[in-house]
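S.K.: Next comes the structure file data_0.txt, holding compact mmCIF, C-alpha atoms.
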# COMPACT_ATOMS: atom_id res chain seq x y z
CA MET A 1 18.92 114.78 -66.86
CA SER A 2 20.57 112.62 -64.22
CA THR A 3 23.66 110.56 -64.85
CA TYR A 4 24.60 107.36 -63.04
CA TYR A 5 28.05 105.91 -62.50
CA ALA A 6 28.52 102.25 -63.46
CA PRO A 7 31.72 100.19 -63.05
CA LYS A 8 33.43 98.76 -66.13
CA GLY A 9 36.01 96.42 -64.58
CA GLY A 10 39.48 96.18 -66.08
CA LEU A 11 42.72 96.30 -64.08
CA PRO A 12 45.13 99.11 -63.19
CA GLY A 13 48.46 99.07 -64.99
CA GLN A 14 51.48 97.45 -63.40
CA ASP A 15 53.01 100.92 -63.10
CA GLN A 16 50.33 102.08 -60.65
CA LEU A 17 51.03 102.67 -56.95
CA LEU A 18 48.93 100.86 -54.36
CA THR A 19 47.05 103.93 -53.14
CA ASP A 20 43.29 103.83 -52.63
CA ARG A 21 40.52 104.71 -50.19
CA ALA A 22 39.14 101.28 -49.22
CA ILE A 23 38.25 101.10 -45.52
CA PHE A 24 36.65 98.35 -43.43
CA THR A 25 35.95 98.96 -39.75
CA ASP A 26 33.61 97.41 -37.19
CA ALA A 27 31.15 100.29 -37.78
CA TYR A 28 31.33 101.00 -41.51
CA ALA A 29 33.04 100.15 -44.78
CA VAL A 30 33.95 102.25 -47.80
CA ILE A 31 34.36 100.29 -51.02
CA PRO A 32 35.72 102.74 -53.61
CA LYS A 33 35.05 102.39 -57.30
CA GLY A 34 38.70 101.49 -57.90
CA THR A 35 38.20 98.11 -56.23
CA MET A 36 35.50 97.04 -58.72
CA ARG A 37 37.85 95.25 -61.10
CA ASP A 38 37.67 92.09 -63.18
CA ILE A 39 39.27 89.97 -60.46
CA THR A 40 36.68 90.99 -57.86
CA THR A 41 33.65 89.88 -59.89
CA SER A 42 31.47 86.90 -59.05
CA PHE A 43 29.03 84.68 -60.94
CA LEU A 44 25.61 83.24 -60.06
CA PRO A 45 23.80 79.96 -60.86
CA PHE A 46 21.31 80.14 -63.74
CA TRP A 47 22.58 83.52 -65.00
CA GLU A 48 24.01 83.56 -68.52
CA ASP A 49 26.63 86.00 -69.86
CA THR A 50 26.52 87.81 -66.53
CA ARG A 51 29.00 88.84 -63.87
CA LEU A 52 28.53 90.91 -60.73
CA TRP A 53 30.25 92.80 -57.97
CA VAL A 54 28.97 91.84 -54.51
CA ILE A 55 29.24 95.07 -52.51
CA ALA A 56 27.22 94.03 -49.43
CA ARG A 57 26.20 90.75 -47.85
CA PRO A 58 24.80 89.85 -44.41
CA MET A 59 27.61 89.46 -41.89
CA THR A 60 27.24 88.57 -38.22
CA GLY A 61 28.21 91.55 -36.08
CA PHE A 62 28.01 93.98 -39.00
CA ALA A 63 25.14 94.79 -41.39
CA GLU A 64 22.87 91.74 -41.29
CA THR A 65 19.70 92.48 -43.26
CA PHE A 66 20.60 92.78 -46.95
CA SER A 67 22.85 92.00 -49.87
CA GLN A 68 23.62 94.34 -52.76
CA TYR A 69 25.05 93.47 -56.15
CA ILE A 70 26.07 95.50 -59.18
CA MET A 71 25.03 93.27 -62.09
CA GLU A 72 26.62 93.40 -65.54
CA VAL A 73 24.64 91.52 -68.19
CA ALA A 74 26.01 91.17 -71.71
CA PRO A 75 23.70 91.43 -74.75
CA GLY A 76 21.59 88.28 -74.89
CA GLY A 77 22.40 87.43 -71.28
CA GLY A 78 20.12 87.17 -68.29
CA SER A 79 18.23 84.53 -66.36
CA ASP A 80 14.98 82.57 -66.40
CA ARG A 81 15.60 81.62 -62.76
CA PRO A 82 17.29 84.64 -61.22
CA GLU A 83 16.36 84.15 -57.55
CA THR A 84 16.84 80.82 -55.75
CA ASP A 85 15.72 81.96 -52.27
CA ALA A 86 11.93 81.91 -51.79
CA ARG A 87 12.19 84.44 -48.93
CA ALA A 88 13.97 87.10 -50.97
CA GLN A 89 12.37 90.32 -52.14
CA ALA A 90 14.29 92.53 -54.54
CA VAL A 91 14.82 96.05 -55.78
CA LEU A 92 16.44 96.55 -59.18
CA PHE A 93 17.82 99.96 -60.18
CA VAL A 94 19.29 100.43 -63.66
CA VAL A 95 22.36 102.63 -64.08
CA GLU A 96 23.42 101.81 -67.65
CA GLY A 97 21.91 100.13 -70.70
CA ALA A 98 18.49 98.51 -70.63
CA ILE A 99 16.95 95.31 -69.31
CA SER A 100 13.79 93.46 -70.22
CA LEU A 101 12.02 92.38 -67.01
CA SER A 102 9.11 89.92 -67.13
CA VAL A 103 6.86 89.52 -64.08
CA ASN A 104 3.21 88.48 -63.65
CA GLY A 105 2.87 87.92 -67.39
CA ASP A 106 3.97 91.45 -68.30
CA THR A 107 7.28 92.54 -69.81
CA HIS A 108 8.83 95.90 -68.95
CA VAL A 109 11.89 97.60 -70.42
CA LEU A 110 13.89 99.39 -67.72
CA GLU A 111 16.40 102.02 -68.80
CA PRO A 112 18.70 104.20 -66.63
CA GLY A 113 16.74 105.40 -63.60
CA GLY A 114 14.42 102.41 -63.91
CA TYR A 115 13.29 100.88 -60.61
CA ALA A 116 11.51 97.61 -59.90
CA TYR A 117 10.25 96.28 -56.57
CA LEU A 118 9.74 92.51 -56.69
CA PRO A 119 8.13 90.74 -53.70
CA PRO A 120 9.11 87.17 -52.81
CA ASN A 121 8.06 84.43 -55.25
CA SER A 122 7.35 86.92 -58.04
CA GLY A 123 8.59 84.48 -60.65
CA TRP A 124 10.42 87.26 -62.46
CA THR A 125 12.86 86.76 -65.33
CA LEU A 126 15.34 89.17 -66.89
CA ARG A 127 17.11 89.53 -70.24
CA ASN A 128 19.34 92.06 -71.93
CA THR A 129 17.75 92.30 -75.37
CA GLY A 130 19.88 95.29 -76.40
CA ASP A 131 23.23 95.50 -78.13
CA ALA A 132 25.26 96.93 -75.21
CA PRO A 133 25.98 95.69 -71.67
CA ALA A 134 23.35 96.49 -69.04
CA ARG A 135 24.39 97.37 -65.50
CA PHE A 136 22.00 97.56 -62.56
CA HIS A 137 21.87 97.28 -58.78
CA TRP A 138 20.12 94.27 -57.28
CA ILE A 139 19.28 94.70 -53.59
CA ARG A 140 17.93 91.64 -51.76
CA LYS A 141 16.36 91.23 -48.33
CA ALA A 142 14.50 88.35 -46.71
CA TYR A 143 10.94 89.63 -46.36
CA GLN A 144 9.60 89.83 -42.80
CA ALA A 145 5.93 88.93 -43.14
CA VAL A 146 3.49 90.21 -40.51
CA ASP A 147 0.16 88.54 -39.78
CA GLY A 148 -2.57 90.89 -40.98
CA LEU A 149 -0.43 92.72 -43.58
CA ASP A 150 -0.61 91.76 -47.24
CA MET A 151 2.49 91.24 -49.36
CA PRO A 152 3.58 94.41 -51.21
CA ASP A 153 2.69 94.76 -54.88
CA VAL A 154 5.12 94.69 -57.79
CA LEU A 155 6.26 98.24 -58.64
CA ILE A 156 7.78 99.34 -61.96
CA LEU A 157 8.85 103.00 -61.93
CA ASN A 158 11.53 105.41 -63.14
CA GLU A 159 13.30 108.01 -61.04
CA GLN A 160 12.94 110.56 -63.84
CA ASP A 161 9.16 110.51 -63.38
CA ILE A 162 9.17 111.16 -59.61
CA ALA A 163 9.62 114.61 -58.07
CA PRO A 164 12.18 114.64 -55.22
CA ILE A 165 10.73 115.64 -51.83
CA PRO A 166 12.82 118.34 -50.07
CA MET A 167 13.73 117.65 -46.48
CA PRO A 168 12.16 120.18 -44.07
CA ASP A 169 14.07 123.40 -43.41
CA THR A 170 16.76 122.73 -46.04
CA ASP A 171 15.78 125.28 -48.75
CA GLY A 172 15.67 122.38 -51.20
CA LYS A 173 19.38 121.58 -50.82
CA TRP A 174 18.64 118.06 -49.49
CA ALA A 175 15.88 116.00 -51.12
CA THR A 176 14.77 112.38 -51.40
CA THR A 177 13.20 110.57 -54.34
CA ARG A 178 10.86 107.98 -52.84
CA PHE A 179 9.57 104.99 -54.82
CA VAL A 180 7.42 103.66 -51.95
CA ASP A 181 4.96 105.50 -49.71
CA PRO A 182 6.68 105.62 -46.28
CA SER A 183 3.33 105.01 -44.57
CA ASP A 184 2.85 101.68 -46.40
CA LEU A 185 3.80 99.27 -43.61
CA ARG A 186 3.74 96.28 -45.95
CA HIS A 187 7.25 97.30 -46.95
CA ASP A 188 10.14 96.37 -44.65
CA MET A 189 12.84 98.05 -46.73
CA HIS A 190 13.13 101.33 -48.60
CA VAL A 191 15.43 102.09 -51.50
CA THR A 192 15.53 105.79 -52.38
CA VAL A 193 17.69 108.30 -54.24
CA VAL A 194 19.09 111.10 -52.08
CA THR A 195 20.20 114.37 -53.71
CA PHE A 196 22.29 117.17 -52.24
CA GLU A 197 22.79 120.44 -54.05
CA PRO A 198 26.27 122.00 -53.73
CA GLY A 199 26.64 123.21 -50.16
CA GLY A 200 23.96 120.87 -48.82
CA VAL A 201 24.58 119.14 -45.51
CA ILE A 202 23.24 116.59 -43.07
CA PRO A 203 23.64 118.99 -40.14
CA PHE A 204 23.77 116.43 -37.32
CA LEU A 205 25.21 112.99 -36.71
CA GLU A 206 22.40 110.61 -37.62
CA THR A 207 22.49 107.63 -35.26
CA HIS A 208 19.72 105.10 -35.77
CA VAL A 209 18.77 101.44 -35.94
CA MET A 210 18.54 101.25 -39.75
CA GLU A 211 21.40 99.64 -41.65
CA HIS A 212 22.49 101.46 -44.78
CA GLY A 213 23.98 100.84 -48.17
CA LEU A 214 24.87 104.07 -50.02
CA TYR A 215 26.09 103.85 -53.62
CA VAL A 216 27.22 107.20 -55.02
CA LEU A 217 25.50 107.73 -58.36
CA GLU A 218 26.88 111.18 -59.12
CA GLY A 219 29.20 113.86 -57.73
CA LYS A 220 31.40 113.88 -54.65
CA ALA A 221 31.23 114.80 -50.96
CA ALA A 222 32.85 114.56 -47.56
CA TYR A 223 31.03 111.98 -45.43
CA ARG A 224 31.31 111.59 -41.66
CA LEU A 225 31.24 107.92 -40.64
CA ASN A 226 31.60 107.14 -36.95
CA ASN A 227 34.72 109.11 -35.92
CA ASP A 228 36.09 109.69 -39.41
CA TRP A 229 35.63 112.07 -42.33
CA VAL A 230 36.03 110.26 -45.67
CA GLU A 231 35.92 111.63 -49.20
CA VAL A 232 33.64 109.77 -51.59
CA GLU A 233 32.78 110.17 -55.27
CA ALA A 234 30.63 108.63 -57.99
CA GLY A 235 31.06 104.85 -58.02
CA ASP A 236 31.96 104.51 -54.33
CA PHE A 237 29.88 102.44 -51.90
CA MET A 238 29.40 103.05 -48.17
CA TRP A 239 28.12 100.23 -45.98
CA LEU A 240 26.92 101.12 -42.47
CA ARG A 241 25.89 98.89 -39.61
CA ALA A 242 23.09 99.91 -37.24
CA PHE A 243 23.75 103.00 -35.10
CA CYS A 244 26.87 104.09 -36.99
CA PRO A 245 26.91 107.91 -36.67
CA GLN A 246 26.77 109.61 -40.07
CA ALA A 247 26.63 113.07 -41.62
CA CYS A 248 27.47 114.66 -44.95
CA TYR A 249 28.80 117.82 -46.58
CA ALA A 250 28.35 118.17 -50.34
CA GLY A 251 30.87 120.78 -51.40
CA GLY A 252 30.14 120.69 -55.14
CA PRO A 253 30.76 121.72 -57.82
CA GLY A 254 27.78 119.61 -58.94
CA LYS A 255 25.04 117.61 -57.30
CA PHE A 256 25.88 114.75 -54.95
CA ARG A 257 23.47 111.81 -55.34
CA TYR A 258 23.33 108.30 -53.96
CA LEU A 259 21.15 105.20 -53.97
CA LEU A 260 20.19 104.44 -50.36
CA TYR A 261 19.01 101.20 -48.76
CA LYS A 262 17.55 100.96 -45.26
CA ASP A 263 15.49 98.42 -43.32
CA VAL A 264 12.23 99.82 -41.90
CA ASN A 265 8.83 99.17 -40.30
CA ARG A 266 9.52 96.04 -38.24
CA HIS A 267 10.16 95.11 -34.61
CA ALA A 268 13.75 94.45 -33.66
CA PRO A 269 14.21 90.64 -33.40
CA LEU A 270 14.51 89.44 -29.80
CA GLY A 271 17.00 86.60 -29.78
CA LEU A 272 17.18 83.70 -32.21
Is it possible to give me this structure as structure tokens?

M.R.:
Amino acid sequence: MSTYYAPKGGLPGQDQLLTDRAIFTDAYAVIPKGTMRDITTSFLPFWEDTRLWVIARPMTGFAETFSQYIMEVAPGGGSDRPETDARAQAVLFVVEGAISLSVNGDTHVLEPGGYAYLPPNSGWTLRNTGDAPARFHWIRKAYQAVDGLDMPDVLILNEQDIAPIPMPDTDGKWATTRFVDPSDLRHDMHVTVVTFEPGGVIPFLETHVMEHGLYVLEGKAAYRLNNDWVEVEAGDFMWLRAFCPQACYAGGPGKFRYLLYKDVNRHAPLGL
């Protein structure tokens, strides 16, 4: 059974030293779990009894395609008008508690591992009908429509029901849980769960056009980002601009798992 790290807020004591692993460069950022405190939360219009940590947002000259929030919804909280941008598609991924998601006249209860893909103008609403806080990732991207391709369908899934697909020639030490068929070109973003067994590696410096958001769900690892090796653990977030070299070594003792965003399946824009 998988476990997922979720921030709880709070503040360090006044007796704590200012020592942490936060890094922001022109190629990547590391936002460690220790920065997700009460004073770094935000709020959104039309959301009740809800706060959030904004861990990625489009920035000129950095990662430009997506935003990513960690939402914390108190019992009874939620929204009947969650999205105010008609262009925005969404992926929700639940890490703690449960949410009641209504879309297209149907209501779904998403528990930890629950995944929802919501195309633009889905008219979805969300409530926490339980008795404990619910925490989930909300990844947003402006959908790039293509003439001749239909809009993607709503998807309601759970990671626990999907078998991870091992990467070739890795003896099963590196695998990806895919919620969307990679050959479905209607989709212009993929959100997956990547799992490394102890000792698993990315054995070369990946350098590619896709932007990334990587939220560590479980475990720890050494990650190579551009020219640097950084140590990351459950609750940390890595934010990579296009072409930032990256690799990974998962030393154990347990599995290393992260939620991964990337933009896919579209031409590179040529000018404004």

S.K.: When you look at Gln89 in chain A with a cut-off of 12 Å (counting all atoms listed in the file), what residues show up, excluding the ones that are within fewer than 4 positions of it in the same chain? I need them as a count of residues only.

M.R.: 34

S.K.: To one decimal place, how far is CA of Asp263 in chain A from CA of Val191 in chain A in Å?

M.R.: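 We find that CA of Asp263 in chain A and CA of Val191 in chain A lie 9.0 Å from each other.
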
S.K.: Can you pull out every residue within 7 Å of range 158-160 of chain A, counting all atoms listed in the file, but drop anything in the same chain fewer than 2 positions away, and send it as a VMD selection string?

M.R.: chain A and resid 113 to 115 162

S.K.: For a cutoff of 7 Å around the file-coordinate point (40.3, 104.5, -52.2), which residues qualify once you count all atoms listed in the file? I'd like the result as a list of chain:residue names.

M.R.: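 Returned residue set, sorted by chain then number, is A:Thr19, A:Asp20, A:Arg21, A:Ala22, A:Pro32, A:Gly34.
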
S.K.: Quick one: residues within 12 Å of Ala98 in chain A, only C-alpha atoms counted, chain neighbours fewer than 5 positions away excluded, as an NGL selection string?

M.R.: :A and (71-78 or 92-93 or 108-115 or 126-136)

S.K.: Where atoms are absent from range 167-203 of chain A, fill them in so it carries N, CA and C atoms, then output it as a PDB file, in the frame of the given file.

M.R.:
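So selection20.pdb came out as:
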ATOM      1  N   MET A 167      13.768 117.835 -47.919  1.00  0.00           N
ATOM      2  CA  MET A 167      13.730 117.650 -46.480  1.00  0.00           C
ATOM      3  C   MET A 167      13.338 118.967 -45.822  1.00  0.00           C
ATOM      4  N   PRO A 168      12.615 118.928 -44.699  1.00  0.00           N
ATOM      5  CA  PRO A 168      12.160 120.180 -44.070  1.00  0.00           C
ATOM      6  C   PRO A 168      13.331 121.083 -43.687  1.00  0.00           C
ATOM      7  N   ASP A 169      13.127 122.367 -43.869  1.00  0.00           N
ATOM      8  CA  ASP A 169      14.070 123.400 -43.410  1.00  0.00           C
ATOM      9  C   ASP A 169      15.440 123.308 -44.070  1.00  0.00           C
ATOM     10  N   THR A 170      15.476 122.859 -45.344  1.00  0.00           N
ATOM     11  CA  THR A 170      16.760 122.730 -46.040  1.00  0.00           C
ATOM     12  C   THR A 170      16.836 123.618 -47.281  1.00  0.00           C
ATOM     13  N   ASP A 171      15.803 124.423 -47.556  1.00  0.00           N
ATOM     14  CA  ASP A 171      15.780 125.280 -48.750  1.00  0.00           C
ATOM     15  C   ASP A 171      15.993 124.480 -50.030  1.00  0.00           C
ATOM     16  N   GLY A 172      15.570 123.219 -50.017  1.00  0.00           N
ATOM     17  CA  GLY A 172      15.670 122.380 -51.200  1.00  0.00           C
ATOM     18  C   GLY A 172      17.053 121.838 -51.478  1.00  0.00           C
ATOM     19  N   LYS A 173      18.009 122.056 -50.576  1.00  0.00           N
ATOM     20  CA  LYS A 173      19.380 121.580 -50.820  1.00  0.00           C
ATOM     21  C   LYS A 173      19.548 120.086 -50.535  1.00  0.00           C
ATOM     22  N   TRP A 174      18.591 119.480 -49.844  1.00  0.00           N
ATOM     23  CA  TRP A 174      18.640 118.060 -49.490  1.00  0.00           C
ATOM     24  C   TRP A 174      17.251 117.495 -49.789  1.00  0.00           C
ATOM     25  N   ALA A 175      17.185 116.531 -50.706  1.00  0.00           N
ATOM     26  CA  ALA A 175      15.880 116.000 -51.120  1.00  0.00           C
ATOM     27  C   ALA A 175      15.983 114.501 -51.336  1.00  0.00           C
ATOM     28  N   THR A 176      14.828 113.832 -51.264  1.00  0.00           N
ATOM     29  CA  THR A 176      14.770 112.380 -51.400  1.00  0.00           C
ATOM     30  C   THR A 176      13.732 112.004 -52.433  1.00  0.00           C
ATOM     31  N   THR A 177      14.125 111.144 -53.373  1.00  0.00           N
ATOM     32  CA  THR A 177      13.200 110.570 -54.340  1.00  0.00           C
ATOM     33  C   THR A 177      12.716 109.237 -53.780  1.00  0.00           C
ATOM     34  N   ARG A 178      11.426 109.155 -53.497  1.00  0.00           N
ATOM     35  CA  ARG A 178      10.860 107.980 -52.840  1.00  0.00           C
ATOM     36  C   ARG A 178      10.038 107.172 -53.852  1.00  0.00           C
ATOM     37  N   PHE A 179      10.311 105.878 -53.923  1.00  0.00           N
ATOM     38  CA  PHE A 179       9.570 104.990 -54.820  1.00  0.00           C
ATOM     39  C   PHE A 179       8.407 104.308 -54.103  1.00  0.00           C
ATOM     40  N   VAL A 180       8.429 104.334 -52.773  1.00  0.00           N
ATOM     41  CA  VAL A 180       7.420 103.660 -51.950  1.00  0.00           C
ATOM     42  C   VAL A 180       6.874 104.669 -50.959  1.00  0.00           C
ATOM     43  N   ASP A 181       5.583 104.645 -50.721  1.00  0.00           N
ATOM     44  CA  ASP A 181       4.960 105.500 -49.710  1.00  0.00           C
ATOM     45  C   ASP A 181       5.484 105.081 -48.327  1.00  0.00           C
ATOM     46  N   PRO A 182       6.131 106.003 -47.589  1.00  0.00           N
ATOM     47  CA  PRO A 182       6.680 105.620 -46.280  1.00  0.00           C
ATOM     48  C   PRO A 182       5.641 105.112 -45.289  1.00  0.00           C
ATOM     49  N   SER A 183       4.372 105.459 -45.495  1.00  0.00           N
ATOM     50  CA  SER A 183       3.330 105.010 -44.570  1.00  0.00           C
ATOM     51  C   SER A 183       2.795 103.616 -44.924  1.00  0.00           C
ATOM     52  N   ASP A 184       3.280 103.021 -46.003  1.00  0.00           N
ATOM     53  CA  ASP A 184       2.850 101.680 -46.400  1.00  0.00           C
ATOM     54  C   ASP A 184       3.656 100.652 -45.609  1.00  0.00           C
ATOM     55  N   LEU A 185       3.077 100.153 -44.525  1.00  0.00           N
ATOM     56  CA  LEU A 185       3.800  99.270 -43.610  1.00  0.00           C
ATOM     57  C   LEU A 185       3.992  97.862 -44.156  1.00  0.00           C
ATOM     58  N   ARG A 186       3.440  97.577 -45.335  1.00  0.00           N
ATOM     59  CA  ARG A 186       3.740  96.280 -45.950  1.00  0.00           C
ATOM     60  C   ARG A 186       5.222  96.171 -46.285  1.00  0.00           C
ATOM     61  N   HIS A 187       5.855  97.302 -46.555  1.00  0.00           N
ATOM     62  CA  HIS A 187       7.250  97.300 -46.950  1.00  0.00           C
ATOM     63  C   HIS A 187       8.167  97.303 -45.732  1.00  0.00           C
ATOM     64  N   ASP A 188       9.171  96.418 -45.746  1.00  0.00           N
ATOM     65  CA  ASP A 188      10.140  96.370 -44.650  1.00  0.00           C
ATOM     66  C   ASP A 188      11.523  96.831 -45.100  1.00  0.00           C
ATOM     67  N   MET A 189      11.612  97.390 -46.306  1.00  0.00           N
ATOM     68  CA  MET A 189      12.840  98.050 -46.730  1.00  0.00           C
ATOM     69  C   MET A 189      12.467  99.179 -47.687  1.00  0.00           C
ATOM     70  N   HIS A 190      13.268 100.229 -47.660  1.00  0.00           N
ATOM     71  CA  HIS A 190      13.130 101.330 -48.600  1.00  0.00           C
ATOM     72  C   HIS A 190      14.427 101.500 -49.368  1.00  0.00           C
ATOM     73  N   VAL A 191      14.303 101.708 -50.656  1.00  0.00           N
ATOM     74  CA  VAL A 191      15.430 102.090 -51.500  1.00  0.00           C
ATOM     75  C   VAL A 191      15.046 103.414 -52.146  1.00  0.00           C
ATOM     76  N   THR A 192      15.831 104.440 -51.905  1.00  0.00           N
ATOM     77  CA  THR A 192      15.530 105.790 -52.380  1.00  0.00           C
ATOM     78  C   THR A 192      16.750 106.369 -53.080  1.00  0.00           C
ATOM     79  N   VAL A 193      16.569 107.524 -53.708  1.00  0.00           N
ATOM     80  CA  VAL A 193      17.690 108.300 -54.240  1.00  0.00           C
ATOM     81  C   VAL A 193      17.742 109.611 -53.474  1.00  0.00           C
ATOM     82  N   VAL A 194      18.891 109.889 -52.875  1.00  0.00           N
ATOM     83  CA  VAL A 194      19.090 111.100 -52.080  1.00  0.00           C
ATOM     84  C   VAL A 194      19.941 112.077 -52.899  1.00  0.00           C
ATOM     85  N   THR A 195      19.515 113.342 -52.928  1.00  0.00           N
ATOM     86  CA  THR A 195      20.200 114.370 -53.710  1.00  0.00           C
ATOM     87  C   THR A 195      20.571 115.549 -52.825  1.00  0.00           C
ATOM     88  N   PHE A 196      21.837 115.947 -52.889  1.00  0.00           N
ATOM     89  CA  PHE A 196      22.290 117.170 -52.240  1.00  0.00           C
ATOM     90  C   PHE A 196      22.756 118.158 -53.305  1.00  0.00           C
ATOM     91  N   GLU A 197      22.256 119.368 -53.227  1.00  0.00           N
ATOM     92  CA  GLU A 197      22.790 120.440 -54.050  1.00  0.00           C
ATOM     93  C   GLU A 197      24.138 120.879 -53.471  1.00  0.00           C
ATOM     94  N   PRO A 198      24.999 121.519 -54.272  1.00  0.00           N
ATOM     95  CA  PRO A 198      26.270 122.000 -53.730  1.00  0.00           C
ATOM     96  C   PRO A 198      26.059 122.842 -52.468  1.00  0.00           C
ATOM     97  N   GLY A 199      26.790 122.527 -51.432  1.00  0.00           N
ATOM     98  CA  GLY A 199      26.640 123.210 -50.160  1.00  0.00           C
ATOM     99  C   GLY A 199      25.655 122.560 -49.215  1.00  0.00           C
ATOM    100  N   GLY A 200      24.923 121.553 -49.678  1.00  0.00           N
ATOM    101  CA  GLY A 200      23.960 120.870 -48.820  1.00  0.00           C
ATOM    102  C   GLY A 200      24.648 120.021 -47.772  1.00  0.00           C
ATOM    103  N   VAL A 201      23.991 119.880 -46.623  1.00  0.00           N
ATOM    104  CA  VAL A 201      24.580 119.140 -45.510  1.00  0.00           C
ATOM    105  C   VAL A 201      23.531 118.297 -44.804  1.00  0.00           C
ATOM    106  N   ILE A 202      23.985 117.214 -44.174  1.00  0.00           N
ATOM    107  CA  ILE A 202      23.240 116.590 -43.070  1.00  0.00           C
ATOM    108  C   ILE A 202      23.811 117.240 -41.816  1.00  0.00           C
ATOM    109  N   PRO A 203      23.045 118.110 -41.151  1.00  0.00           N
ATOM    110  CA  PRO A 203      23.640 118.990 -40.140  1.00  0.00           C
ATOM    111  C   PRO A 203      23.712 118.396 -38.742  1.00  0.00           C
TER     112      PRO A 203
END
